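Enquirer: Before anything else, here's the structure in question.
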Amino acid sequence: MSAEQKLKDLGLALPTLAAPMANYVRFKKVGDLVFLSGQGPRNADGSIPNGKVGKEFTTEQAYEFAKNTGLGLLAAMKEAAGSLDKVEVIKLLGMVNAVPEYGDQPKVINGCSDLLVAVLGDNGRHARSAVGMGSLPGNMPVEIEAIIRVLP
């Protein structure tokens with residue numbers, strides 16, 4: 001089953017990608033590797049949620065933000081590779097805007113990781129870092145960047 005069909009079966013759709021917010025590109029290709037710029041979650045109206053995990057948001061809410069961010073990353077992957085069926089995820093860096101004592105960053109970033117595996121199967125399995133940050137742009141709760149390989 002294609003990755004696009006798996007998305008449909010999950011009741012999900014890829015979002016329209018927003019233009020970069022500063023002087024950078026969505027992704028950069030180097031050989032068969034693609035480095036995707038960091039993305040954060042978007043509300044249905046295109047706005048960015050803002051607040052800290054452990055204060056304004058729970059771990060469960062932040063998991064959903066990471067899943068939402070994963071959909072944006074999948075959209076960028078499709079743009080970069082031409083098809084999600086040609087994507088292998090190599091590495092994620094997940095950043096969580098959290099209160100200093102918060103320690104469940106891996107549980108939050110699982111929202112993105114779980115989505116990638118559900119949609120891409122074994123090609124969605126990846127190395128990963130999940131770290132806490134004192135702040136993120138626009139006070140967004142989550143930002144995730146990725147490195148992928150485009151398969152022949």
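Following the order of the structure tokens, first chain is A, next is B, and so on, with residues numbered from 1 inside each chain and ligands from 1 in the order they appear.
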Please identify all polymer residues within 12 Å of Val96 (chain A), counting only C-alpha atoms, omitting same-chain residues fewer than 3 positions from it, and present them as JSON, numbers by chain.
Expert: {"A": [39, 40, 41, 50, 51, 52, 53, 54, 57, 58, 59, 62, 63, 65, 66, 69, 93, 99, 100, 102, 103, 104, 105, 106, 107, 108, 109, 110, 111, 129, 130, 131, 132, 133, 134, 135, 136, 137, 139, 140, 141, 142, 143, 144, 145]}
Enquirer: With distances taken over only C-alpha atoms, which residue among A:Leu151, A:Leu92, A:Met1, A:Val25 lies nearest Val119 (chain A)?
Expert: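 Closest residue, counting only C-alpha atoms: A:Met1.
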Enquirer: Please return, as a PyMOL selection string, all residues of region 37-99 of chain A that DSSP assigns to strand (DSSP E or B) on the basis of the backbone.
Expert: chain A and resi 37-39+53+57+87-98
Enquirer: Could the residues in this selection be saved with N, CA, C and O atoms as a PDB file, in the first residue's frame?
Expert:
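Once everything was written out, this is result_28.pdb:
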ATOM      1  N   SER A  37      14.241  21.907   6.780  1.00  0.00           N
ATOM      2  CA  SER A  37      14.228  22.951   7.798  1.00  0.00           C
ATOM      3  C   SER A  37      13.222  22.608   8.886  1.00  0.00           C
ATOM      4  O   SER A  37      12.245  21.890   8.649  1.00  0.00           O
ATOM      5  N   GLY A  38      13.463  23.162  10.070  1.00  0.00           N
ATOM      6  CA  GLY A  38      12.553  22.933  11.181  1.00  0.00           C
ATOM      7  C   GLY A  38      11.175  23.494  10.908  1.00  0.00           C
ATOM      8  O   GLY A  38      11.027  24.537  10.275  1.00  0.00           O
ATOM      9  N   GLN A  39      10.169  22.778  11.388  1.00  0.00           N
ATOM     10  CA  GLN A  39       8.769  23.198  11.275  1.00  0.00           C
ATOM     11  C   GLN A  39       8.115  23.071  12.632  1.00  0.00           C
ATOM     12  O   GLN A  39       8.524  22.257  13.461  1.00  0.00           O
ATOM     13  N   VAL A  53       5.123  23.634  27.046  1.00  0.00           N
ATOM     14  CA  VAL A  53       4.664  22.336  27.519  1.00  0.00           C
ATOM     15  C   VAL A  53       4.993  22.259  29.010  1.00  0.00           C
ATOM     16  O   VAL A  53       6.077  22.642  29.441  1.00  0.00           O
ATOM     17  N   PHE A  57       0.416  23.742  27.960  1.00  0.00           N
ATOM     18  CA  PHE A  57       0.053  22.506  27.252  1.00  0.00           C
ATOM     19  C   PHE A  57       0.503  21.274  28.022  1.00  0.00           C
ATOM     20  O   PHE A  57       1.564  21.268  28.647  1.00  0.00           O
ATOM     21  N   VAL A  87      10.835   7.999   0.007  1.00  0.00           N
ATOM     22  CA  VAL A  87      11.438   8.660   1.170  1.00  0.00           C
ATOM     23  C   VAL A  87      11.866   7.625   2.211  1.00  0.00           C
ATOM     24  O   VAL A  87      11.116   6.711   2.544  1.00  0.00           O
ATOM     25  N   GLU A  88      13.086   7.801   2.716  1.00  0.00           N
ATOM     26  CA  GLU A  88      13.545   7.082   3.901  1.00  0.00           C
ATOM     27  C   GLU A  88      13.978   8.139   4.918  1.00  0.00           C
ATOM     28  O   GLU A  88      14.816   8.992   4.609  1.00  0.00           O
ATOM     29  N   VAL A  89      13.392   8.104   6.110  1.00  0.00           N
ATOM     30  CA  VAL A  89      13.741   9.074   7.146  1.00  0.00           C
ATOM     31  C   VAL A  89      14.999   8.591   7.849  1.00  0.00           C
ATOM     32  O   VAL A  89      15.063   7.452   8.316  1.00  0.00           O
ATOM     33  N   ILE A  90      16.005   9.452   7.917  1.00  0.00           N
ATOM     34  CA  ILE A  90      17.280   9.096   8.526  1.00  0.00           C
ATOM     35  C   ILE A  90      17.343   9.594   9.974  1.00  0.00           C
ATOM     36  O   ILE A  90      17.666   8.838  10.877  1.00  0.00           O
ATOM     37  N   LYS A  91      17.017  10.876  10.195  1.00  0.00           N
ATOM     38  CA  LYS A  91      17.224  11.484  11.525  1.00  0.00           C
ATOM     39  C   LYS A  91      16.212  12.584  11.773  1.00  0.00           C
ATOM     40  O   LYS A  91      15.885  13.341  10.867  1.00  0.00           O
ATOM     41  N   LEU A  92      15.708  12.649  12.998  1.00  0.00           N
ATOM     42  CA  LEU A  92      14.865  13.756  13.456  1.00  0.00           C
ATOM     43  C   LEU A  92      15.557  14.461  14.608  1.00  0.00           C
ATOM     44  O   LEU A  92      16.200  13.817  15.438  1.00  0.00           O
ATOM     45  N   LEU A  93      15.391  15.762  14.658  1.00  0.00           N
ATOM     46  CA  LEU A  93      15.728  16.541  15.844  1.00  0.00           C
ATOM     47  C   LEU A  93      14.433  17.198  16.289  1.00  0.00           C
ATOM     48  O   LEU A  93      13.887  18.047  15.576  1.00  0.00           O
ATOM     49  N   GLY A  94      13.935  16.771  17.435  1.00  0.00           N
ATOM     50  CA  GLY A  94      12.702  17.313  17.988  1.00  0.00           C
ATOM     51  C   GLY A  94      12.995  18.214  19.170  1.00  0.00           C
ATOM     52  O   GLY A  94      13.681  17.798  20.112  1.00  0.00           O
ATOM     53  N   MET A  95      12.495  19.423  19.103  1.00  0.00           N
ATOM     54  CA  MET A  95      12.719  20.420  20.152  1.00  0.00           C
ATOM     55  C   MET A  95      11.388  20.766  20.803  1.00  0.00           C
ATOM     56  O   MET A  95      10.407  21.029  20.110  1.00  0.00           O
ATOM     57  N   VAL A  96      11.370  20.749  22.126  1.00  0.00           N
ATOM     58  CA  VAL A  96      10.145  20.999  22.886  1.00  0.00           C
ATOM     59  C   VAL A  96      10.347  22.238  23.747  1.00  0.00           C
ATOM     60  O   VAL A  96      11.269  22.296  24.564  1.00  0.00           O
ATOM     61  N   ASN A  97       9.497  23.224  23.541  1.00  0.00           N
ATOM     62  CA  ASN A  97       9.496  24.459  24.334  1.00  0.00           C
ATOM     63  C   ASN A  97       8.773  24.131  25.639  1.00  0.00           C
ATOM     64  O   ASN A  97       7.552  24.011  25.666  1.00  0.00           O
ATOM     65  N   ALA A  98       9.548  23.948  26.706  1.00  0.00           N
ATOM     66  CA  ALA A  98       8.956  23.458  27.943  1.00  0.00           C
ATOM     67  C   ALA A  98       9.488  24.214  29.157  1.00  0.00           C
ATOM     68  O   ALA A  98      10.527  24.879  29.085  1.00  0.00           O
TER      69      ALA A  98
END
Enquirer: When DSSP is applied to the backbone of this structure, which of region 26-101 of chain A are assigned alpha helix (DSSP H)? Write them out as a ChimeraX atom specification.
Expert: /A:59-81
Enquirer: Write out the residues from the selection above, keeping N, CA, C and O atoms, as a PDB file, in the first residue's frame.
Expert:
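What follows is the written file selection-v3.pdb:
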ATOM      1  N   THR A  59       1.487  17.050  28.033  1.00  0.00           N
ATOM      2  CA  THR A  59       2.270  16.152  27.184  1.00  0.00           C
ATOM      3  C   THR A  59       1.403  15.610  26.049  1.00  0.00           C
ATOM      4  O   THR A  59       1.847  15.530  24.903  1.00  0.00           O
ATOM      5  N   GLU A  60       0.155  15.280  26.350  1.00  0.00           N
ATOM      6  CA  GLU A  60      -0.754  14.736  25.330  1.00  0.00           C
ATOM      7  C   GLU A  60      -1.050  15.761  24.243  1.00  0.00           C
ATOM      8  O   GLU A  60      -1.088  15.422  23.047  1.00  0.00           O
ATOM      9  N   GLN A  61      -1.266  17.000  24.630  1.00  0.00           N
ATOM     10  CA  GLN A  61      -1.488  18.051  23.637  1.00  0.00           C
ATOM     11  C   GLN A  61      -0.233  18.255  22.791  1.00  0.00           C
ATOM     12  O   GLN A  61      -0.318  18.410  21.571  1.00  0.00           O
ATOM     13  N   ALA A  62       0.913  18.243  23.432  1.00  0.00           N
ATOM     14  CA  ALA A  62       2.167  18.439  22.713  1.00  0.00           C
ATOM     15  C   ALA A  62       2.452  17.270  21.763  1.00  0.00           C
ATOM     16  O   ALA A  62       3.004  17.469  20.681  1.00  0.00           O
ATOM     17  N   TYR A  63       2.062  16.055  22.137  1.00  0.00           N
ATOM     18  CA  TYR A  63       2.166  14.887  21.241  1.00  0.00           C
ATOM     19  C   TYR A  63       1.401  15.179  19.951  1.00  0.00           C
ATOM     20  O   TYR A  63       1.904  14.918  18.847  1.00  0.00           O
ATOM     21  N   GLU A  64       0.196  15.719  20.080  1.00  0.00           N
ATOM     22  CA  GLU A  64      -0.614  16.046  18.899  1.00  0.00           C
ATOM     23  C   GLU A  64       0.035  17.166  18.084  1.00  0.00           C
ATOM     24  O   GLU A  64      -0.031  17.157  16.851  1.00  0.00           O
ATOM     25  N   PHE A  65       0.668  18.131  18.750  1.00  0.00           N
ATOM     26  CA  PHE A  65       1.401  19.177  18.029  1.00  0.00           C
ATOM     27  C   PHE A  65       2.553  18.564  17.236  1.00  0.00           C
ATOM     28  O   PHE A  65       2.809  18.949  16.098  1.00  0.00           O
ATOM     29  N   ALA A  66       3.246  17.593  17.822  1.00  0.00           N
ATOM     30  CA  ALA A  66       4.353  16.932  17.118  1.00  0.00           C
ATOM     31  C   ALA A  66       3.820  16.113  15.935  1.00  0.00           C
ATOM     32  O   ALA A  66       4.441  16.081  14.871  1.00  0.00           O
ATOM     33  N   LYS A  67       2.670  15.486  16.101  1.00  0.00           N
ATOM     34  CA  LYS A  67       2.044  14.750  14.999  1.00  0.00           C
ATOM     35  C   LYS A  67       1.674  15.713  13.871  1.00  0.00           C
ATOM     36  O   LYS A  67       1.933  15.442  12.693  1.00  0.00           O
ATOM     37  N   ASN A  68       1.082  16.841  14.232  1.00  0.00           N
ATOM     38  CA  ASN A  68       0.729  17.877  13.263  1.00  0.00           C
ATOM     39  C   ASN A  68       1.983  18.375  12.532  1.00  0.00           C
ATOM     40  O   ASN A  68       1.978  18.556  11.308  1.00  0.00           O
ATOM     41  N   THR A  69       3.056  18.566  13.261  1.00  0.00           N
ATOM     42  CA  THR A  69       4.328  18.984  12.660  1.00  0.00           C
ATOM     43  C   THR A  69       4.830  17.914  11.711  1.00  0.00           C
ATOM     44  O   THR A  69       5.357  18.223  10.632  1.00  0.00           O
ATOM     45  N   GLY A  70       4.648  16.653  12.074  1.00  0.00           N
ATOM     46  CA  GLY A  70       5.041  15.545  11.202  1.00  0.00           C
ATOM     47  C   GLY A  70       4.318  15.574   9.867  1.00  0.00           C
ATOM     48  O   GLY A  70       4.903  15.248   8.828  1.00  0.00           O
ATOM     49  N   LEU A  71       3.053  15.977   9.866  1.00  0.00           N
ATOM     50  CA  LEU A  71       2.324  16.106   8.590  1.00  0.00           C
ATOM     51  C   LEU A  71       2.973  17.164   7.712  1.00  0.00           C
ATOM     52  O   LEU A  71       3.109  16.984   6.496  1.00  0.00           O
ATOM     53  N   GLY A  72       3.386  18.277   8.315  1.00  0.00           N
ATOM     54  CA  GLY A  72       4.089  19.310   7.552  1.00  0.00           C
ATOM     55  C   GLY A  72       5.415  18.804   7.009  1.00  0.00           C
ATOM     56  O   GLY A  72       5.784  19.089   5.867  1.00  0.00           O
ATOM     57  N   LEU A  73       6.122  18.031   7.819  1.00  0.00           N
ATOM     58  CA  LEU A  73       7.392  17.458   7.345  1.00  0.00           C
ATOM     59  C   LEU A  73       7.146  16.480   6.201  1.00  0.00           C
ATOM     60  O   LEU A  73       7.906  16.462   5.223  1.00  0.00           O
ATOM     61  N   LEU A  74       6.091  15.674   6.304  1.00  0.00           N
ATOM     62  CA  LEU A  74       5.758  14.756   5.203  1.00  0.00           C
ATOM     63  C   LEU A  74       5.452  15.532   3.922  1.00  0.00           C
ATOM     64  O   LEU A  74       5.853  15.113   2.828  1.00  0.00           O
ATOM     65  N   ALA A  75       4.760  16.649   4.037  1.00  0.00           N
ATOM     66  CA  ALA A  75       4.473  17.472   2.859  1.00  0.00           C
ATOM     67  C   ALA A  75       5.772  17.984   2.234  1.00  0.00           C
ATOM     68  O   ALA A  75       5.924  17.984   1.010  1.00  0.00           O
ATOM     69  N   ALA A  76       6.714  18.416   3.071  1.00  0.00           N
ATOM     70  CA  ALA A  76       8.009  18.881   2.559  1.00  0.00           C
ATOM     71  C   ALA A  76       8.801  17.724   1.958  1.00  0.00           C
ATOM     72  O   ALA A  76       9.477  17.880   0.929  1.00  0.00           O
ATOM     73  N   MET A  77       8.715  16.549   2.566  1.00  0.00           N
ATOM     74  CA  MET A  77       9.395  15.365   2.029  1.00  0.00           C
ATOM     75  C   MET A  77       8.851  15.017   0.645  1.00  0.00           C
ATOM     76  O   MET A  77       9.618  14.706  -0.271  1.00  0.00           O
ATOM     77  N   LYS A  78       7.535  15.087   0.507  1.00  0.00           N
ATOM     78  CA  LYS A  78       6.921  14.792  -0.795  1.00  0.00           C
ATOM     79  C   LYS A  78       7.388  15.801  -1.837  1.00  0.00           C
ATOM     80  O   LYS A  78       7.703  15.429  -2.972  1.00  0.00           O
ATOM     81  N   GLU A  79       7.437  17.067  -1.464  1.00  0.00           N
ATOM     82  CA  GLU A  79       7.913  18.100  -2.385  1.00  0.00           C
ATOM     83  C   GLU A  79       9.366  17.826  -2.789  1.00  0.00           C
ATOM     84  O   GLU A  79       9.728  17.953  -3.955  1.00  0.00           O
ATOM     85  N   ALA A  80      10.186  17.425  -1.844  1.00  0.00           N
ATOM     86  CA  ALA A  80      11.609  17.199  -2.104  1.00  0.00           C
ATOM     87  C   ALA A  80      11.861  15.936  -2.915  1.00  0.00           C
ATOM     88  O   ALA A  80      12.741  15.918  -3.783  1.00  0.00           O
ATOM     89  N   ALA A  81      11.099  14.876  -2.644  1.00  0.00           N
ATOM     90  CA  ALA A  81      11.357  13.571  -3.268  1.00  0.00           C
ATOM     91  C   ALA A  81      10.434  13.282  -4.448  1.00  0.00           C
ATOM     92  O   ALA A  81      10.709  12.360  -5.225  1.00  0.00           O
TER      93      ALA A  81
END
Enquirer: Nearest to Lys86 (chain A): which of A:Pro20, A:Pro15, A:Pro152, A:Gly31 is it, counting only C-alpha atoms?
Expert: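 That would be A:Pro152, the residue with the smallest distance to Lys86 (chain A).
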Enquirer: From the options A:Ala146, A:Ala3, A:Val34, A:Ala44, which residue's atoms come nearest to Asn123 (chain A), counting only C-alpha atoms?
Expert: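 Nearest to Asn123 (chain A): A:Ala3.
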Enquirer: A:Gly121, A:Gly11, A:Val30, A:Met21: which is nearest Ile48 (chain A), counting only C-alpha atoms?
Expert: A:Met21
Enquirer: Would you mind listing what lies within 9 Å of Leu33 (chain A) as a list in words, with only C-alpha atoms counted and same-chain residues fewer than 6 positions away left out?
Expert: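 Listed by chain and then number, they are Ile90, Ile147, Ile148, Arg149 and Val150 of chain A.
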